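Student: Below is a structure I'd like to ask you about.
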Amino acid sequence: MSYMKLALGSAAGLAMMAGAALAEPALMYDLGGKFDKSFNEAAYNGAKRWAEETGNSYREIEVTAEAQRVQFATRLAEGGFNPIVVLGFQNAATLEEVAPKYPDTTFALVDMVVDLPNVRSIVFTEHEGSYLVGMLAAMASESGTVGFIGGMDVPLIRHFACGYAQGAKAVNPDINVIANMTGTTPAAWNDPVKGGELTKAQISQGADVVYAAAGGTGVGVLQAAADADILSIGVDSNQNHLHPGKVLTSMLKRVDNAVFNAFNDGPEMETGVHVMGLADDGVGYALDDNNASLITDEMKAAVDEARAKIIAGDLTVTSYYDNDSCPALEF
Amino acid sequence: MDVMPKWADAILIPLISILLAFAISGLVILAIGKDPIEAFRIMVTGALGSSYGWGFTLYYTTNFIFTGLAVAIAFHARLFNIGGEGQATLGGLGVALVLLAVPWPHWSLALPAAILGAMLFGAAWALIPAYLQAKRGSHIVITTIMFNYIAWALLTYLLVEVLKPAGQQSPESRRFGPGAELPGLSDVLGLVGIPFSSAAPVNVSFLLAILACYFVWLLLWRTRLGYEIRAYGHSETAAAYAGISATRIIIIAMLISGALAGLMAVNAVMGAGRLINNSVENAGFIGIAVALMGRSHPVGVFLAALLFGFLYQGGAELALWASIPTELIVVIQSLVILFTGALDNMVRMPLERIFLAFRRSEREG
């Protein structure tokens with residue numbers, strides 16, 4: 001009898017565990033890996049924060065090959081995970097294929113729009129955030145030359161560069177903006193050595209503020225800038241603390257909030273396009289103790305005014321996506 | 001006289017090497033506090049336990065067969081073609097251009113055209129390093145590696161500036177359309193009544209890969225050209241004495257090698273239905289390990305490609321279900337490459353000693 005009870009009990013326990021697993025959300029990282037100090041890691045931080053605050057668990061998986069995108073998304077959906085948060089613009093095609101097959105599962109896609117009833121598409125207005133840090137760069141620059149170092153040469157990074165150049169030119173129409181990309185393969189997201197070399201090359205061309213939108217490569221950019229005693233601008237996460245007093249600011253892109261919110265909203269989340277912009281602090285610039293001495297009150301006032309204007313719609317920052325070109329920068 | 005019988009060289013040594021690699025992998029898994037037996041079970045059932053798993057395993061295998069054959073044929077001419085990555089990238093471009101240029105009515109028409117495009121572009125990318133090696137003595141290892149980078153840069157430029165539909169964020173071409181969709185292996189097997197998962201990406205180019213194995217064997221061991229390639233590979237001076245032109249062999253071997261690497265794109269690009277900037281994904285480099293392990297013989301290449309297909313798919317399942325970090329899967333793959341490729345002699349020498357002792361005792365007894 002007691003054995004029977006035990007067996008029944010453990011069966012019930014298993015069933016409950018299965019039930020718990022059903023409610024679990026899942027996070028699928030993009031190529032580049034979980035600890036890229038940037039995009040994927042920001043998502044990981046958001047998921048971790050959610051797990052810590054709610055005490056729940058989640059499943060995560062790193063994509064390491066193109067063919068795995070559909071495979072993993074399908075397996076997660078089949079495994080009953082809900083919602084499933086998928087990172088990266090290259091996964092738009094993945095969800096277009098997988099999401100219609102699992103109408104009862106809710107997906108969230110970061111960085112790209114997919115028009116399906118069970119997909120929340122989260123996009124950021126990176127060009128507006130970059131515009132603000134571009135203004136700061138131009139105001140902090142004494143040489144009249146500012147630099148931009150991107151990761152892999154993809155439209156997304158040109159989108160960053162374009163907003164940055166527009167911001168810099170809004171402050172100083174004669175400013176010289178140098179833009180370089182680290183590479184043409186995904187390895188460009190994690191090449192701090194080359195990032196440092198590009199930074200030195202830009203310094204020799206007169207740049208005294210350099211903005212890195214390059215994932216893990218940016219660590220090398222910030223280091224080289226600090227070594228040469230010029231200013232740098234971080235990206236995605238707040239990187240001001242990496243070299244206090246040497247990092248002018250960071251262009252924040254709150255991927256962590258996007259993941260946190262999606263997990264928090266659960267399977268019943270509102271789908272459709274979610275634009276995270278300046279107004280809801282989805283993007284912005286970082287101001288803390290580490291860079292307080294670098295941002296004067298004038299600079300802050302000018303940037304905050306521009307921010308308010310962009311939010312109100314009085315100022316438009318042209319997006320690179322509009323016609324695959326940039327009014328302020330040649331690639 | 002060979003110390004060991006052929007079967008020991010071709011089967012026993014790789015087998016022991018793999019077992020050693022798995023044993024050490026097991027220890028590593030144990031060291032991070034997971035169960036190696038359970039991990040191995042997940043890999044086997046995930047990769048070979050269902051037609052869905054097989055579908056992925058064979059998809060990766062197809063890529064590795066092409067790149068493995070490419071490296072193997074160059075090996076026979078004693079050329080170390082490390083440019084499979086770039087040649088396959090260009091092959092992908094060839095496939096995409098052919099498929100985008102014409103609104104193909106049916107895949108059976110599109111496939112031969114795509115094959116031609118893949119071979120032509122892949123071979124063209126191998127031609128320049130081959131020419132530089134044959135005429136200028138620039139080392140093929142250096143030039144082919146450099147050409148990988150040029151291929152990546154070229155592809156990224158074309159995708160971002162030319163092939164990408166306007167306003168699209170992701171740097172990839174538009175889809176090739178329904179007329180260029182390759183039938184899956186499930187469709188082929190369905191014709192003879194074998195049920196096979198249609199969700200997996202393996203397609204008819206797997207059959208093409210098997211055909212390629214046969215043709216490479218035919219070429220190397222049943223034609224005059226193949227004889228010349230092998231003769232050149234064994235001894236350059238002897239080949240020259242026999243009237244075989246080094247320039248001709250280097251160029252032809254590299255052209256065939258590049259064409260084979262390019263053919264990978266039929267599977268990876270045409271199978272995917274669009275050109276992305278990352279369709280090769282190291283298959284060009286894996287091809288080196290495949291050719292080394294397969295002793296540059298088409299049958300060996302096929303088996304080695306199957307092993308690596310298994311490692312890829314099994315590794316993915318392991319990451320999915322055992323929460324084993326992705327890096328560990330790379331460790332397992334690297335151990336297999338290390339033992340089968342680099343540490344070949346570690347197994348070979350003791351084994352040769354055993355065979356020698358065995359033979360001596362036979363003679364004396």
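Here's how to read the names in the structure tokens: chain A, B, ... by the order shown, residue numbers from 1 in each chain, ligand numbers from 1 in the order shown.
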Using only C-alpha atoms, which protein or nucleic acid residues come within 6 Å of stretch 87-103 of chain B? Drop anything in the same chain fewer than 5 positions from it, and give the result as a ChimeraX atom specification.
Tutor: /B:114,117-118,121-122,125,176,258,261-262,265,269
Student: Pull N, CA and C atoms from the residues just selected and write them as a PDB file, in the first residue's frame.
Tutor:
ATOM      1  N   ALA B 114      21.985  25.002 -61.544  1.00  0.00           N
ATOM      2  CA  ALA B 114      22.601  25.360 -60.263  1.00  0.00           C
ATOM      3  C   ALA B 114      23.908  24.601 -60.069  1.00  0.00           C
ATOM      4  N   GLY B 117      26.484  26.298 -62.146  1.00  0.00           N
ATOM      5  CA  GLY B 117      26.870  27.571 -61.530  1.00  0.00           C
ATOM      6  C   GLY B 117      27.788  27.349 -60.345  1.00  0.00           C
ATOM      7  N   ALA B 118      27.442  26.371 -59.508  1.00  0.00           N
ATOM      8  CA  ALA B 118      28.245  26.095 -58.312  1.00  0.00           C
ATOM      9  C   ALA B 118      29.651  25.650 -58.706  1.00  0.00           C
ATOM     10  N   PHE B 121      31.749  28.620 -60.446  1.00  0.00           N
ATOM     11  CA  PHE B 121      32.222  29.660 -59.532  1.00  0.00           C
ATOM     12  C   PHE B 121      33.260  29.100 -58.563  1.00  0.00           C
ATOM     13  N   GLY B 122      32.997  27.886 -58.047  1.00  0.00           N
ATOM     14  CA  GLY B 122      33.949  27.275 -57.124  1.00  0.00           C
ATOM     15  C   GLY B 122      35.293  27.053 -57.800  1.00  0.00           C
ATOM     16  N   TRP B 125      37.257  30.216 -58.423  1.00  0.00           N
ATOM     17  CA  TRP B 125      37.902  30.751 -57.221  1.00  0.00           C
ATOM     18  C   TRP B 125      39.174  29.989 -56.891  1.00  0.00           C
ATOM     19  N   PHE B 176      14.466  32.149 -53.858  1.00  0.00           N
ATOM     20  CA  PHE B 176      14.622  31.724 -55.248  1.00  0.00           C
ATOM     21  C   PHE B 176      13.288  31.387 -55.900  1.00  0.00           C
ATOM     22  N   GLY B 258      38.048  22.845 -56.496  1.00  0.00           N
ATOM     23  CA  GLY B 258      37.185  24.008 -56.289  1.00  0.00           C
ATOM     24  C   GLY B 258      35.756  23.735 -56.711  1.00  0.00           C
ATOM     25  N   ALA B 261      34.072  21.684 -54.020  1.00  0.00           N
ATOM     26  CA  ALA B 261      33.737  22.518 -52.857  1.00  0.00           C
ATOM     27  C   ALA B 261      32.532  23.391 -53.188  1.00  0.00           C
ATOM     28  N   GLY B 262      32.517  23.937 -54.410  1.00  0.00           N
ATOM     29  CA  GLY B 262      31.394  24.774 -54.814  1.00  0.00           C
ATOM     30  C   GLY B 262      30.078  24.025 -54.799  1.00  0.00           C
ATOM     31  N   ALA B 265      27.231  24.112 -52.244  1.00  0.00           N
ATOM     32  CA  ALA B 265      26.208  25.152 -52.212  1.00  0.00           C
ATOM     33  C   ALA B 265      24.866  24.662 -52.746  1.00  0.00           C
ATOM     34  N   VAL B 269      22.765  26.216 -50.178  1.00  0.00           N
ATOM     35  CA  VAL B 269      22.133  27.454 -50.642  1.00  0.00           C
ATOM     36  C   VAL B 269      20.818  27.167 -51.367  1.00  0.00           C
TER      37      VAL B 269
END
Student: List every residue of chain A that has an atom at most 9 Å from any atom of chain B, and for each one report the closest atom pair and its distance in Å to one decimal, counting only C-alpha atoms, with rows sorted by chain and then by increasing residue number, as a Markdown table.
Tutor:
| residue | atom | partner | partner_atom | distance |
| --- | --- | --- | --- | --- |
| A:Gly33 | CA | B:Thr326 | CA | 8.8 |
| A:Arg59 | CA | B:Ser323 | CA | 8.6 |
| A:Glu60 | CA | B:Ser323 | CA | 8.2 |
| A:Ile61 | CA | B:Leu320 | CA | 6.3 |
| A:Glu62 | CA | B:Thr326 | CA | 6.9 |
| A:Val63 | CA | B:Ala316 | CA | 8.5 |
| A:Thr64 | CA | B:Thr326 | CA | 7.8 |
| A:Ala65 | CA | B:Glu281 | CA | 6.8 |
| A:Glu66 | CA | B:Ser279 | CA | 7.1 |
| A:Ala67 | CA | B:Pro201 | CA | 7.7 |
| A:Gln68 | CA | B:Ala316 | CA | 7.6 |
| A:Gln71 | CA | B:Ala200 | CA | 8.1 |
| A:Phe72 | CA | B:Leu320 | CA | 7.6 |
| A:Arg75 | CA | B:Leu320 | CA | 8.4 |
| A:Leu76 | CA | B:Leu320 | CA | 8.6 |
| A:Phe89 | CA | B:Ser170 | CA | 6.0 |
| A:Gln90 | CA | B:Ser170 | CA | 5.9 |
| A:Ala92 | CA | B:Ser170 | CA | 8.5 |
| A:Met112 | CA | B:Gln169 | CA | 7.5 |
| A:Asp153 | CA | B:Thr156 | CA | 7.4 |
| A:Val154 | CA | B:Pro171 | CA | 6.4 |
| A:Pro155 | CA | B:Gln169 | CA | 5.9 |
| A:Leu156 | CA | B:Gln169 | CA | 6.5 |
| A:Gly183 | CA | B:Ala153 | CA | 7.7 |
| A:Thr184 | CA | B:Ala153 | CA | 5.3 |
| A:Thr185 | CA | B:Trp152 | CA | 6.6 |
| A:Pro186 | CA | B:Asn278 | CA | 8.2 |
| A:Tyr320 | CA | B:Gly167 | CA | 8.5 |
| A:Tyr321 | CA | B:Gly167 | CA | 5.0 |
| A:Asp322 | CA | B:Gly167 | CA | 6.0 |
| A:Asn323 | CA | B:Gly167 | CA | 6.1 |
| A:Asp324 | CA | B:Gly167 | CA | 6.1 |
Student: As a PyMOL selection string, please: every residue in stretch 194-246 of chain B that a backbone DSSP assignment puts in alpha helix (DSSP H).
Tutor: chain B and resi 205-222+224-234+236-241+246
Student: What lies within 10 Å of A:Val259 using only C-alpha atoms, ignoring chain neighbours under 5 positions off, as a PyMOL selection string?
Tutor: chain A and resi 27+42-50+84-87+108-110+122+254+264-265
Student: Just want the 7 Å neighbourhood of A:Phe263, counted on only C-alpha atoms, with same-chain residues fewer than 3 positions away dropped. Output as a PyMOL selection string.
Tutor: chain A and resi 25+83+259-260+266
Student: For B:Ala253, which residue among B:Arg230, B:Lys6, B:Arg136, B:Arg274 is the nearest when counting only C-alpha atoms?
Tutor: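 Going through B:Arg230, B:Lys6, B:Arg136, B:Arg274 one by one, the smallest distance to B:Ala253 is for B:Arg230.
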Student: Skip B:Phe339 itself and residues of its chain fewer than 5 positions away, then list as a short mmCIF file (atom, residue, chain, number, x, y, z; two decimals) with C-alpha atoms, in the first residue's frame all residues within 8 Å of it, counting only C-alpha atoms.
Tutor:
data_model
loop_
_atom_site.label_atom_id
_atom_site.label_comp_id
_atom_site.auth_asym_id
_atom_site.auth_seq_id
_atom_site.Cartn_x
_atom_site.Cartn_y
_atom_site.Cartn_z
CA SER B 17 41.22 6.97 -32.73
CA ILE B 18 37.50 7.74 -32.50
CA LEU B 20 40.01 7.33 -27.77
CA ALA B 21 38.47 10.71 -28.63
CA ASP B 344 47.41 9.47 -36.28
#
Student: Might you pull out every residue within 12 Å of B:Pro112, with only C-alpha atoms counted and same-chain residues fewer than 2 positions away left off, and present them as a PyMOL selection string?
Tutor: chain B and resi 95+98-99+104+106-110+114-119+180+182+205+208+263+266+270
Student: Excluding same-chain residues fewer than 4 positions from stretch 229-238 of chain A, what lies within 10 Å of it counting only C-alpha atoms, as a VMD selection string?
Tutor: chain A and resid 37 to 39 41 to 42 126 129 to 130 133 to 134 136 to 137 140 to 141 146 to 148 160 199 203 207 to 215 218 to 219 221 to 225 242 to 243 245 to 256 283 to 288 294
Student: Using only C-alpha atoms, find the one residue out of A:Gly80, A:Pro117, A:Gly88, A:Gly167 that sits nearest to A:Ala306.
Tutor: A:Gly167
